[in-house]
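As structure tokens, the structure follows; a few thoughts come after it.
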Amino acid sequence: QATKKPPPTPSPLRFSKFFQPNMRILVTGGAGFIGSHLVDKLMENEKNEVIVADNYFTGSKDNLKKWIGHPRFELIRHDVTEPLLVEVDQIYHLACPASPIFYKYNPVKTIKTNVIGTLNMLGLAKRVGARILLTSTSEVYGDPLVHPQPESYWGNVNPIGVRSCYDEGKRVAETLMFDYHRQHGIEIRIARIFNTYGPRMNIDDGRVVSNFIAQALRDEPLTVQLPGTQTRSFCYVSDMVDGLIRLMEGEHTGPINIGNPGEFTMIELAETVKELINPNIEIKMVENTPDDPSQRKPVITKAKELLGWEPKVKLRDGLPLMEEDFRLRLGVSKKE
Ligand code: NAD
Ligand code: UDP
Ligand code: UDP
């Protein structure tokens with residue numbers, strides 16, 4: 001006669017008041033620029049286990065090389081437009097190319113990533129009861145008619161332009177987040193990220209800060225797109241990561257602007273890069289692309305009041321840190 005197996009004894013640790021299970025965190029797009037810095041910060045906490053899902057479209061394993069093989073880290077080649085089955089407590093959903101050159105390269109794929117990708121991550125959040133944070137963008141304000149931009153502004157977006165796959169894609173992603181929140185009670189967080197820069201940006205990413213630094217180091221003219229008076233506000237990546245984590249850990253759904261309110265014209269940015277990195281370089285005016293927003297500056301009152309967050313790194317301090325990283329990767333040493 002078969003003896004009945006006793007039920008497994010639960011580990012006494014499970015019931016100890018000292019036991020706190022690890023927090024398992026999914027970062028989609030974690031092999032990209034902001035994602036990999038976020039992973040570095042999350043991995044500093046020994047109670048975090050991090051899973052990255054990325055299709056390597058604009059990201060690379062290289063950005064995560066120090067974590068590959070770490071027992072609390074896992075990297076999955078996965079496209080978020082396909083369903084994903086993992087068991088996690090939190091989801092930072094970043095997967096989406098951020099540079100206009102890359103998001104315009106395959107616009108249909110960009111909108112699928114934003115819409116189907118976000119739907120899948122919300123379906124996952126619903127199944128496992130995870131809290132999910134979406135990295136939305138200042139592009140939801142389009143070419144803004146209100147300046148600077150508070151979260152209450154609904155934006156001025158061209159629905160059929162060449163940037164729409166990204167702008168409108170992110171707007172639908174925000175809608176999906178709120179509908180899952182209202183309809184299914186999912187815990188959501190939405191960050192509206194303004195232009196972010198720092199080490200590990202793709203050298204040929206096409207965005208203005210990486211272009212100017214690479215050009216300055218290669219002794220090529222800095223290409224300012226006309227009219228050059230258009231403005232942007234640039235946030236250093238460590239400040240951005242700090243803001244995203246505070247938003248995830250806090251009690252507010254957002255949307256909350258995360259960005260640096262320092263506002264610069266593209267000519268001012270070129271002059272600053274010239275002064276700091278290569279005073280001999282020429283500044284060249286070139287054609288612009290359609291629908292380029294003429295101004296961009298966040299109102300960050302909500303981030304300050306609700307998250308206790310504000311950026312610490314000024315543009316003049318952040319650019320040299322990025323220069324150092326670009327010098328290493330381009331193999332250009334500093335002339336003494
Ligand atoms: P990035 O291009 O460096 O990173 C995006 C990552 O997502 C890459 O690793 C890429 O391979 C991955 N990815 C793209 N499509 C995917 C898909 N279908 N499935 C799985 N992975 C996919 O860009 P970033 O600057 O790190 O931006 C991260 C997030 O922040 C994006 O959602 C972007 O829209 C948002 N954002 C960035 C900025 C900025 O200035 N960098 C501004 C506003 C919003
Ligand atoms: N989904 C996923 N992982 C999960 C659960 C769901 O990728 O763990 C996807 C699923 O394939 C679906 C989407 O998320 O396409 C939305 O899921 P939901 O359950 O909300 O909707 P339904 O499956 O009923 O359409
Ligand atoms: N820009 C520029 N030179 C470049 C690349 C971009 O003057 O080599 C300008 C571009 O016209 C825009 C601003 O810089 O006004 C920011 O462009 P980017 O592509 O970096 O980001 P986004 O338009 O998404 O804010």
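By order of appearance in the structure tokens: chains A, B, ..., then residues from 1 within every chain, and ligands from 1 in the order shown.
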For the strand (DSSP E) assignment from backbone DSSP, which residues of stretch 103-280 of chain A qualify? Please present them as a ChimeraX atom specification.
/A:131-137,188-193,196-197,222-225,231-233,235-236,256-258,263-265
- [ ] Please check which protein, DNA or RNA residues sit within 7 Å of ligand 2, counting only C-alpha atoms and all ligand atoms, and write them as a PyMOL selection string.
- [x] chain A and resi 82-86+119-124+126-128
Could those selected residues go to a file with all heavy atoms, as a CSV table (one decimal), in the first residue's frame?
chain,number,residue,atom,x,y,z
A,82,GLU,N,4.8,40.8,-29.3
A,82,GLU,CA,4.4,39.4,-29.0
A,82,GLU,C,4.1,39.3,-27.5
A,82,GLU,O,4.7,39.9,-26.7
A,82,GLU,CB,5.5,38.4,-29.4
A,82,GLU,CG,6.0,38.4,-30.8
A,82,GLU,CD,4.9,38.0,-31.8
A,82,GLU,OE1,4.0,37.2,-31.4
A,82,GLU,OE2,4.9,38.5,-33.0
A,83,PRO,N,3.1,38.4,-27.2
A,83,PRO,CA,2.8,38.2,-25.8
A,83,PRO,C,4.0,37.7,-25.0
A,83,PRO,O,4.9,37.0,-25.5
A,83,PRO,CB,1.7,37.1,-25.8
A,83,PRO,CG,1.2,37.1,-27.2
A,83,PRO,CD,2.3,37.5,-28.1
A,84,LEU,N,4.1,38.1,-23.7
A,84,LEU,CA,5.2,37.7,-22.9
A,84,LEU,C,4.6,37.1,-21.6
A,84,LEU,O,3.8,37.7,-20.9
A,84,LEU,CB,6.0,38.9,-22.6
A,84,LEU,CG,7.2,38.7,-21.6
A,84,LEU,CD1,8.3,37.8,-22.2
A,84,LEU,CD2,7.9,40.1,-21.3
A,85,LEU,N,5.1,35.9,-21.2
A,85,LEU,CA,4.7,35.3,-20.0
A,85,LEU,C,5.8,35.2,-19.0
A,85,LEU,O,6.8,34.5,-19.1
A,85,LEU,CB,4.2,33.9,-20.2
A,85,LEU,CG,2.9,33.7,-21.0
A,85,LEU,CD1,2.5,32.3,-21.3
A,85,LEU,CD2,1.7,34.4,-20.3
A,86,VAL,N,5.8,36.1,-18.0
A,86,VAL,CA,6.7,36.1,-16.9
A,86,VAL,C,6.0,36.5,-15.6
A,86,VAL,O,4.9,37.0,-15.7
A,86,VAL,CB,7.9,37.1,-17.1
A,86,VAL,CG1,8.9,36.6,-18.1
A,86,VAL,CG2,7.4,38.5,-17.4
A,119,LEU,N,-0.3,47.2,-25.0
A,119,LEU,CA,-1.4,46.3,-24.6
A,119,LEU,C,-0.9,45.0,-24.0
A,119,LEU,O,-1.5,44.5,-23.0
A,119,LEU,CB,-2.2,46.0,-25.9
A,119,LEU,CG,-3.4,45.1,-25.8
A,119,LEU,CD1,-4.6,45.9,-25.1
A,119,LEU,CD2,-3.9,44.6,-27.1
A,120,ASN,N,0.1,44.4,-24.6
A,120,ASN,CA,0.6,43.1,-24.1
A,120,ASN,C,1.2,43.3,-22.6
A,120,ASN,O,0.9,42.5,-21.8
A,120,ASN,CB,1.7,42.6,-25.0
A,120,ASN,CG,1.2,41.9,-26.2
A,120,ASN,OD1,0.0,41.5,-26.2
A,120,ASN,ND2,2.0,41.9,-27.3
A,121,MET,N,1.9,44.4,-22.4
A,121,MET,CA,2.4,44.6,-21.1
A,121,MET,C,1.3,44.9,-20.1
A,121,MET,O,1.4,44.5,-18.9
A,121,MET,CB,3.5,45.7,-21.1
A,121,MET,CG,4.7,45.4,-21.9
A,121,MET,SD,5.4,43.8,-21.4
A,121,MET,CE,5.0,42.8,-22.7
A,122,LEU,N,0.2,45.5,-20.5
A,122,LEU,CA,-0.9,45.7,-19.6
A,122,LEU,C,-1.6,44.4,-19.3
A,122,LEU,O,-2.1,44.2,-18.2
A,122,LEU,CB,-1.9,46.8,-20.2
A,122,LEU,CG,-1.4,48.2,-20.1
A,122,LEU,CD1,-2.1,49.1,-21.0
A,122,LEU,CD2,-1.6,48.7,-18.6
A,123,GLY,N,-1.7,43.6,-20.4
A,123,GLY,CA,-2.3,42.2,-20.2
A,123,GLY,C,-1.5,41.4,-19.2
A,123,GLY,O,-2.1,40.8,-18.3
A,124,LEU,N,-0.2,41.5,-19.3
A,124,LEU,CA,0.7,40.9,-18.3
A,124,LEU,C,0.5,41.4,-16.9
A,124,LEU,O,0.3,40.7,-16.0
A,124,LEU,CB,2.2,41.1,-18.8
A,124,LEU,CG,3.3,40.7,-17.9
A,124,LEU,CD1,3.2,39.2,-17.6
A,124,LEU,CD2,4.6,41.0,-18.5
A,126,LYS,N,-2.1,42.8,-15.7
A,126,LYS,CA,-3.4,42.4,-15.2
A,126,LYS,C,-3.3,41.0,-14.7
A,126,LYS,O,-3.8,40.7,-13.6
A,126,LYS,CB,-4.4,42.5,-16.4
A,126,LYS,CG,-5.8,42.3,-15.9
A,126,LYS,CD,-6.8,42.5,-17.1
A,126,LYS,CE,-7.0,41.1,-17.8
A,126,LYS,NZ,-7.9,41.3,-18.9
A,127,ARG,N,-2.7,40.1,-15.5
A,127,ARG,CA,-2.6,38.7,-15.1
A,127,ARG,C,-1.9,38.5,-13.8
A,127,ARG,O,-2.3,37.7,-12.9
A,127,ARG,CB,-2.0,37.8,-16.2
A,127,ARG,CG,-2.0,36.3,-15.9
A,127,ARG,CD,-1.4,35.5,-17.0
A,127,ARG,NE,0.0,35.8,-17.3
A,127,ARG,CZ,1.0,35.4,-16.6
A,127,ARG,NH1,0.8,34.6,-15.5
A,127,ARG,NH2,2.2,35.7,-16.9
A,128,VAL,N,-0.8,39.2,-13.6
A,128,VAL,CA,0.1,38.9,-12.4
A,128,VAL,C,-0.1,40.0,-11.3
A,128,VAL,O,0.5,39.8,-10.3
A,128,VAL,CB,1.6,38.8,-12.8
A,128,VAL,CG1,1.8,37.7,-13.8
A,128,VAL,CG2,2.1,40.1,-13.4
Taking 4 positions as the minimum chain separation for residues in the same chain, which residues sit within 10 Å of A:Arg200 when counting only C-alpha atoms? Answer as a PyMOL selection string.
chain A and resi 32-34+36-37+59-60+62-63+210+237+322+325-326+329
Of A:Glu49, A:Asp40, A:Glu287, A:Glu249, the one sitting nearest A:Met23 when using only C-alpha atoms is A:Glu49
Report as JSON lines the residues of chain A within 8 Å of ligand 3, each with its shortest atom pair and distance in Å (one decimal), using only C-alpha atoms and all ligand atoms, ordered by chain and increasing residue number.
{"residue": "A:Ala98", "atom": "CA", "partner": "ligand 3", "partner_atom_place_in_ligand_line": "24 (O)", "distance": 7.3}
{"residue": "A:Ser99", "atom": "CA", "partner": "ligand 3", "partner_atom_place_in_ligand_line": "19 (O)", "distance": 6.0}
{"residue": "A:Pro100", "atom": "CA", "partner": "ligand 3", "partner_atom_place_in_ligand_line": "19 (O)", "distance": 5.6}
{"residue": "A:Ile101", "atom": "CA", "partner": "ligand 3", "partner_atom_place_in_ligand_line": "19 (O)", "distance": 7.6}
{"residue": "A:Glu139", "atom": "CA", "partner": "ligand 3", "partner_atom_place_in_ligand_line": "24 (O)", "distance": 7.1}
{"residue": "A:Phe194", "atom": "CA", "partner": "ligand 3", "partner_atom_place_in_ligand_line": "25 (O)", "distance": 7.7}
{"residue": "A:Asn195", "atom": "CA", "partner": "ligand 3", "partner_atom_place_in_ligand_line": "25 (O)", "distance": 5.8}
{"residue": "A:Gly206", "atom": "CA", "partner": "ligand 3", "partner_atom_place_in_ligand_line": "5 (C)", "distance": 5.9}
{"residue": "A:Arg207", "atom": "CA", "partner": "ligand 3", "partner_atom_place_in_ligand_line": "20 (O)", "distance": 3.3}
{"residue": "A:Val208", "atom": "CA", "partner": "ligand 3", "partner_atom_place_in_ligand_line": "5 (C)", "distance": 3.8}
{"residue": "A:Val209", "atom": "CA", "partner": "ligand 3", "partner_atom_place_in_ligand_line": "20 (O)", "distance": 6.4}
{"residue": "A:Ser210", "atom": "CA", "partner": "ligand 3", "partner_atom_place_in_ligand_line": "20 (O)", "distance": 7.9}
{"residue": "A:Asn211", "atom": "CA", "partner": "ligand 3", "partner_atom_place_in_ligand_line": "8 (O)", "distance": 5.2}
{"residue": "A:Phe212", "atom": "CA", "partner": "ligand 3", "partner_atom_place_in_ligand_line": "8 (O)", "distance": 6.5}
{"residue": "A:Leu222", "atom": "CA", "partner": "ligand 3", "partner_atom_place_in_ligand_line": "8 (O)", "distance": 7.1}
{"residue": "A:Thr223", "atom": "CA", "partner": "ligand 3", "partner_atom_place_in_ligand_line": "8 (O)", "distance": 4.8}
{"residue": "A:Val224", "atom": "CA", "partner": "ligand 3", "partner_atom_place_in_ligand_line": "7 (O)", "distance": 3.6}
{"residue": "A:Gln225", "atom": "CA", "partner": "ligand 3", "partner_atom_place_in_ligand_line": "7 (O)", "distance": 3.7}
{"residue": "A:Leu226", "atom": "CA", "partner": "ligand 3", "partner_atom_place_in_ligand_line": "11 (O)", "distance": 6.8}
{"residue": "A:Gly228", "atom": "CA", "partner": "ligand 3", "partner_atom_place_in_ligand_line": "7 (O)", "distance": 6.3}
{"residue": "A:Gln230", "atom": "CA", "partner": "ligand 3", "partner_atom_place_in_ligand_line": "15 (O)", "distance": 5.5}
{"residue": "A:Thr231", "atom": "CA", "partner": "ligand 3", "partner_atom_place_in_ligand_line": "15 (O)", "distance": 6.6}
{"residue": "A:Arg232", "atom": "CA", "partner": "ligand 3", "partner_atom_place_in_ligand_line": "16 (C)", "distance": 6.4}
{"residue": "A:Met266", "atom": "CA", "partner": "ligand 3", "partner_atom_place_in_ligand_line": "7 (O)", "distance": 5.5}
{"residue": "A:Ile267", "atom": "CA", "partner": "ligand 3", "partner_atom_place_in_ligand_line": "7 (O)", "distance": 7.7}
{"residue": "A:Val286", "atom": "CA", "partner": "ligand 3", "partner_atom_place_in_ligand_line": "7 (O)", "distance": 7.8}
{"residue": "A:Asn288", "atom": "CA", "partner": "ligand 3", "partner_atom_place_in_ligand_line": "11 (O)", "distance": 5.5}
{"residue": "A:Thr289", "atom": "CA", "partner": "ligand 3", "partner_atom_place_in_ligand_line": "11 (O)", "distance": 6.8}
{"residue": "A:Asp292", "atom": "CA", "partner": "ligand 3", "partner_atom_place_in_ligand_line": "15 (O)", "distance": 5.7}
{"residue": "A:Pro293", "atom": "CA", "partner": "ligand 3", "partner_atom_place_in_ligand_line": "15 (O)", "distance": 6.4}
{"residue": "A:Ser294", "atom": "CA", "partner": "ligand 3", "partner_atom_place_in_ligand_line": "15 (O)", "distance": 6.7}
{"residue": "A:Arg296", "atom": "CA", "partner": "ligand 3", "partner_atom_place_in_ligand_line": "25 (O)", "distance": 7.9}
Preceding selection exported with N, CA and C atoms as an mmCIF file, in the first residue's frame:
data_model
loop_
_atom_site.group_PDB
_atom_site.id
_atom_site.type_symbol
_atom_site.label_atom_id
_atom_site.label_comp_id
_atom_site.auth_asym_id
_atom_site.auth_seq_id
_atom_site.Cartn_x
_atom_site.Cartn_y
_atom_site.Cartn_z
ATOM 1 N N ALA A 98 13.542 55.746 -29.554
ATOM 2 C CA ALA A 98 13.261 57.120 -29.135
ATOM 3 C C ALA A 98 13.800 58.153 -30.115
ATOM 4 N N SER A 99 14.744 57.759 -30.950
ATOM 5 C CA SER A 99 15.331 58.732 -31.873
ATOM 6 C C SER A 99 14.493 58.825 -33.147
ATOM 7 N N PRO A 100 14.188 60.068 -33.597
ATOM 8 C CA PRO A 100 13.377 60.208 -34.815
ATOM 9 C C PRO A 100 13.908 59.383 -35.996
ATOM 10 N N ILE A 101 15.213 59.327 -36.194
ATOM 11 C CA ILE A 101 15.743 58.547 -37.329
ATOM 12 C C ILE A 101 15.283 57.098 -37.232
ATOM 13 N N GLU A 139 6.647 64.450 -26.563
ATOM 14 C CA GLU A 139 6.092 64.506 -27.922
ATOM 15 C C GLU A 139 4.569 64.424 -27.909
ATOM 16 N N PHE A 194 11.106 64.278 -21.107
ATOM 17 C CA PHE A 194 11.630 65.284 -22.037
ATOM 18 C C PHE A 194 13.048 64.873 -22.433
ATOM 19 N N ASN A 195 13.561 65.463 -23.514
ATOM 20 C CA ASN A 195 14.871 65.060 -24.080
ATOM 21 C C ASN A 195 15.898 64.711 -23.007
ATOM 22 N N GLY A 206 21.397 60.039 -34.022
ATOM 23 C CA GLY A 206 20.707 61.068 -34.799
ATOM 24 C C GLY A 206 20.121 62.174 -33.949
ATOM 25 N N ARG A 207 20.089 61.979 -32.611
ATOM 26 C CA ARG A 207 19.537 63.049 -31.785
ATOM 27 C C ARG A 207 20.591 64.139 -31.598
ATOM 28 N N VAL A 208 20.115 65.308 -31.236
ATOM 29 C CA VAL A 208 20.966 66.476 -31.362
ATOM 30 C C VAL A 208 22.206 66.429 -30.457
ATOM 31 N N VAL A 209 22.061 66.010 -29.204
ATOM 32 C CA VAL A 209 23.224 66.069 -28.306
ATOM 33 C C VAL A 209 24.281 65.059 -28.751
ATOM 34 N N SER A 210 23.841 63.837 -29.083
ATOM 35 C CA SER A 210 24.821 62.831 -29.528
ATOM 36 C C SER A 210 25.446 63.253 -30.857
ATOM 37 N N ASN A 211 24.659 63.830 -31.763
ATOM 38 C CA ASN A 211 25.226 64.309 -33.024
ATOM 39 C C ASN A 211 26.312 65.351 -32.786
ATOM 40 N N PHE A 212 25.998 66.366 -31.972
ATOM 41 C CA PHE A 212 26.959 67.463 -31.777
ATOM 42 C C PHE A 212 28.239 66.951 -31.111
ATOM 43 N N LEU A 222 29.233 71.192 -36.705
ATOM 44 C CA LEU A 222 28.020 70.883 -35.935
ATOM 45 C C LEU A 222 26.824 71.269 -36.801
ATOM 46 N N THR A 223 25.964 70.294 -37.082
ATOM 47 C CA THR A 223 24.845 70.534 -37.993
ATOM 48 C C THR A 223 23.625 71.042 -37.227
ATOM 49 N N VAL A 224 23.408 72.355 -37.253
ATOM 50 C CA VAL A 224 22.214 72.932 -36.613
ATOM 51 C C VAL A 224 21.105 72.971 -37.661
ATOM 52 N N GLN A 225 19.994 72.308 -37.372
ATOM 53 C CA GLN A 225 18.880 72.308 -38.319
ATOM 54 C C GLN A 225 18.107 73.615 -38.218
ATOM 55 N N LEU A 226 17.743 74.131 -39.368
ATOM 56 C CA LEU A 226 17.050 75.431 -39.432
ATOM 57 C C LEU A 226 15.705 75.391 -38.694
ATOM 58 N N GLY A 228 17.181 76.898 -36.068
ATOM 59 C CA GLY A 228 18.214 76.981 -35.033
ATOM 60 C C GLY A 228 17.725 77.680 -33.776
ATOM 61 N N GLN A 230 14.748 76.921 -32.575
ATOM 62 C CA GLN A 230 13.861 75.985 -31.871
ATOM 63 C C GLN A 230 14.544 75.562 -30.569
ATOM 64 N N THR A 231 13.730 75.312 -29.542
ATOM 65 C CA THR A 231 14.318 75.029 -28.226
ATOM 66 C C THR A 231 14.001 73.602 -27.751
ATOM 67 N N ARG A 232 14.886 73.114 -26.877
ATOM 68 C CA ARG A 232 14.664 71.862 -26.163
ATOM 69 C C ARG A 232 15.215 72.032 -24.744
ATOM 70 N N MET A 266 18.869 75.515 -30.360
ATOM 71 C CA MET A 266 19.857 74.589 -30.916
ATOM 72 C C MET A 266 21.171 75.315 -31.220
ATOM 73 N N ILE A 267 21.063 76.620 -31.524
ATOM 74 C CA ILE A 267 22.294 77.405 -31.732
ATOM 75 C C ILE A 267 23.052 77.528 -30.408
ATOM 76 N N VAL A 286 21.716 73.573 -41.471
ATOM 77 C CA VAL A 286 21.255 72.597 -42.475
ATOM 78 C C VAL A 286 19.727 72.527 -42.472
ATOM 79 N N ASN A 288 15.908 71.283 -42.078
ATOM 80 C CA ASN A 288 15.235 70.553 -40.995
ATOM 81 C C ASN A 288 14.305 69.492 -41.583
ATOM 82 N N THR A 289 13.705 68.688 -40.713
ATOM 83 C CA THR A 289 12.731 67.664 -41.123
ATOM 84 C C THR A 289 11.328 68.194 -40.818
ATOM 85 N N ASP A 292 8.936 69.588 -37.048
ATOM 86 C CA ASP A 292 9.841 69.730 -35.895
ATOM 87 C C ASP A 292 9.238 70.709 -34.885
ATOM 88 N N PRO A 293 8.986 70.280 -33.636
ATOM 89 C CA PRO A 293 8.416 71.198 -32.647
ATOM 90 C C PRO A 293 9.330 72.410 -32.432
ATOM 91 N N SER A 294 8.733 73.586 -32.330
ATOM 92 C CA SER A 294 9.561 74.792 -32.268
ATOM 93 C C SER A 294 10.025 75.100 -30.848
ATOM 94 N N ARG A 296 10.112 73.533 -26.492
ATOM 95 C CA ARG A 296 9.826 72.426 -25.580
ATOM 96 C C ARG A 296 10.468 72.717 -24.242
#
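Between atom CA of A:Thr110 and atom CA of A:Tyr166 the separation is 6.4 Å.
Computed from the coordinates, the atom 44 (C, counted along the ligand's line) of ligand 1 to atom CA of A:Asp239 distance equals 13.9 Å.
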Selection near A:Asn257, 12 Å with only C-alpha atoms, sequence-local residues under 5 positions removed, as a PyMOL selection string:
chain A and resi 135-141+148-153+189-195+233+235+240+243-244+247+296-307+309-311
Neighbour list for A:Val157 as number ranges by chain, cut-off 9 Å, only C-alpha atoms, skip fewer than 3 positions in-chain
A: 139-144, 160-161, 164, 167-168
* Asked: Hey, what's within 10 Å of stretch 41-46 of chain A if we count only C-alpha atoms and toss same-chain stuff fewer than 4 positions away? As number ranges by chain, please?
  -> A: 22-23, 25, 27, 35-37, 50, 67, 70, 72-73, 238, 241-242, 245
Preceding selection exported with N, CA, C and O atoms as an mmCIF file, in the first residue's frame:
data_model
loop_
_atom_site.group_PDB
_atom_site.id
_atom_site.type_symbol
_atom_site.label_atom_id
_atom_site.label_comp_id
_atom_site.auth_asym_id
_atom_site.auth_seq_id
_atom_site.Cartn_x
_atom_site.Cartn_y
_atom_site.Cartn_z
ATOM 1 N N ASN A 22 12.160 38.916 -2.609
ATOM 2 C CA ASN A 22 12.735 39.856 -3.563
ATOM 3 C C ASN A 22 11.637 40.467 -4.416
ATOM 4 O O ASN A 22 10.598 39.864 -4.643
ATOM 5 N N MET A 23 11.892 41.683 -4.884
ATOM 6 C CA MET A 23 10.992 42.346 -5.820
ATOM 7 C C MET A 23 11.457 41.955 -7.222
ATOM 8 O O MET A 23 12.619 42.152 -7.556
ATOM 9 N N ILE A 25 11.405 42.603 -11.076
ATOM 10 C CA ILE A 25 11.090 43.768 -11.912
ATOM 11 C C ILE A 25 11.407 43.475 -13.378
ATOM 12 O O ILE A 25 12.529 43.059 -13.710
ATOM 13 N N VAL A 27 12.020 45.066 -17.033
ATOM 14 C CA VAL A 27 12.312 46.315 -17.738
ATOM 15 C C VAL A 27 12.271 46.019 -19.233
ATOM 16 O O VAL A 27 13.163 45.331 -19.753
ATOM 17 N N GLY A 35 17.044 52.671 -20.431
ATOM 18 C CA GLY A 35 16.762 51.382 -19.794
ATOM 19 C C GLY A 35 17.984 50.794 -19.098
ATOM 20 O O GLY A 35 17.875 50.290 -17.976
ATOM 21 N N SER A 36 19.140 50.861 -19.750
ATOM 22 C CA SER A 36 20.319 50.219 -19.151
ATOM 23 C C SER A 36 20.793 50.986 -17.908
ATOM 24 O O SER A 36 21.265 50.384 -16.942
ATOM 25 N N HIS A 37 20.640 52.310 -17.911
ATOM 26 C CA HIS A 37 20.979 53.074 -16.699
ATOM 27 C C HIS A 37 19.978 52.767 -15.570
ATOM 28 O O HIS A 37 20.360 52.699 -14.402
ATOM 29 N N VAL A 50 16.046 41.564 -11.623
ATOM 30 C CA VAL A 50 15.676 42.318 -12.817
ATOM 31 C C VAL A 50 15.653 41.414 -14.046
ATOM 32 O O VAL A 50 16.599 40.654 -14.296
ATOM 33 N N TRP A 67 26.054 42.945 -16.130
ATOM 34 C CA TRP A 67 25.064 42.167 -15.380
ATOM 35 C C TRP A 67 24.846 40.761 -15.942
ATOM 36 O O TRP A 67 24.235 39.922 -15.263
ATOM 37 N N HIS A 70 24.849 37.525 -13.796
ATOM 38 C CA HIS A 70 24.572 37.830 -12.388
ATOM 39 C C HIS A 70 23.323 37.045 -11.942
ATOM 40 O O HIS A 70 22.335 36.992 -12.687
ATOM 41 N N ARG A 72 20.910 37.665 -9.985
ATOM 42 C CA ARG A 72 19.633 38.390 -9.872
ATOM 43 C C ARG A 72 19.219 39.034 -11.201
ATOM 44 O O ARG A 72 18.298 39.832 -11.247
ATOM 45 N N PHE A 73 19.914 38.661 -12.297
ATOM 46 C CA PHE A 73 19.642 39.326 -13.575
ATOM 47 C C PHE A 73 19.349 38.325 -14.689
ATOM 48 O O PHE A 73 19.961 37.257 -14.755
ATOM 49 N N SER A 238 21.058 60.336 -15.240
ATOM 50 C CA SER A 238 20.955 59.884 -13.838
ATOM 51 C C SER A 238 19.760 60.560 -13.150
ATOM 52 O O SER A 238 19.070 59.952 -12.330
ATOM 53 N N VAL A 241 16.583 58.676 -14.366
ATOM 54 C CA VAL A 241 16.387 57.374 -13.714
ATOM 55 C C VAL A 241 15.855 57.579 -12.295
ATOM 56 O O VAL A 241 14.921 56.894 -11.862
ATOM 57 N N ASP A 242 16.402 58.560 -11.598
ATOM 58 C CA ASP A 242 15.949 58.864 -10.247
ATOM 59 C C ASP A 242 14.457 59.236 -10.270
ATOM 60 O O ASP A 242 13.663 58.760 -9.443
ATOM 61 N N ILE A 245 12.184 56.092 -10.930
ATOM 62 C CA ILE A 245 12.056 55.200 -9.763
ATOM 63 C C ILE A 245 11.148 55.838 -8.706
ATOM 64 O O ILE A 245 10.285 55.188 -8.122
#
Neighbours of A:Thr175 within 10 Å (only C-alpha atoms; same-chain residues fewer than 6 positions away dropped), as a list in words?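 That gives Val115, Gly169 and His181 of chain A.
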| request: Output as number ranges by chain all residues of stretch 87-241 of chain A that backbone DSSP marks as alpha helix (DSSP H). | output: A: 100-105, 107-128, 164-184, 208-217, 237-241
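Here the question is which of A:Ala173, A:Val313, A:Leu328, A:Val80 gets nearest to ligand 1 using only C-alpha atoms and all ligand atoms, and that residue is A:Val80.
Take the candidates A:Leu176, A:Ile203, A:Leu217, A:Ala95 and check each one against ligand 1 using only C-alpha atoms and all ligand atoms; the shortest distance goes to A:Ala95.
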Quick one: of A:Thr118, A:Gln215, A:Asn48, A:Thr28, who's nearest to A:Ile76, counting only C-alpha atoms?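 Nearest to A:Ile76: A:Thr28.
Distance annotation: of A:Pro199, A:Gly30, A:Pro71, A:Gly254, the residue with the minimal separation from ligand 1 is A:Gly30; atom set is only C-alpha atoms and all ligand atoms.
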Worksheet item: What does the distance between atom CA of A:Asp79 and atom CA of A:Val39 come to in Å, to one decimal place?
Response: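 Calculated distance between atom CA of A:Asp79 and atom CA of A:Val39 is 18.3 Å.
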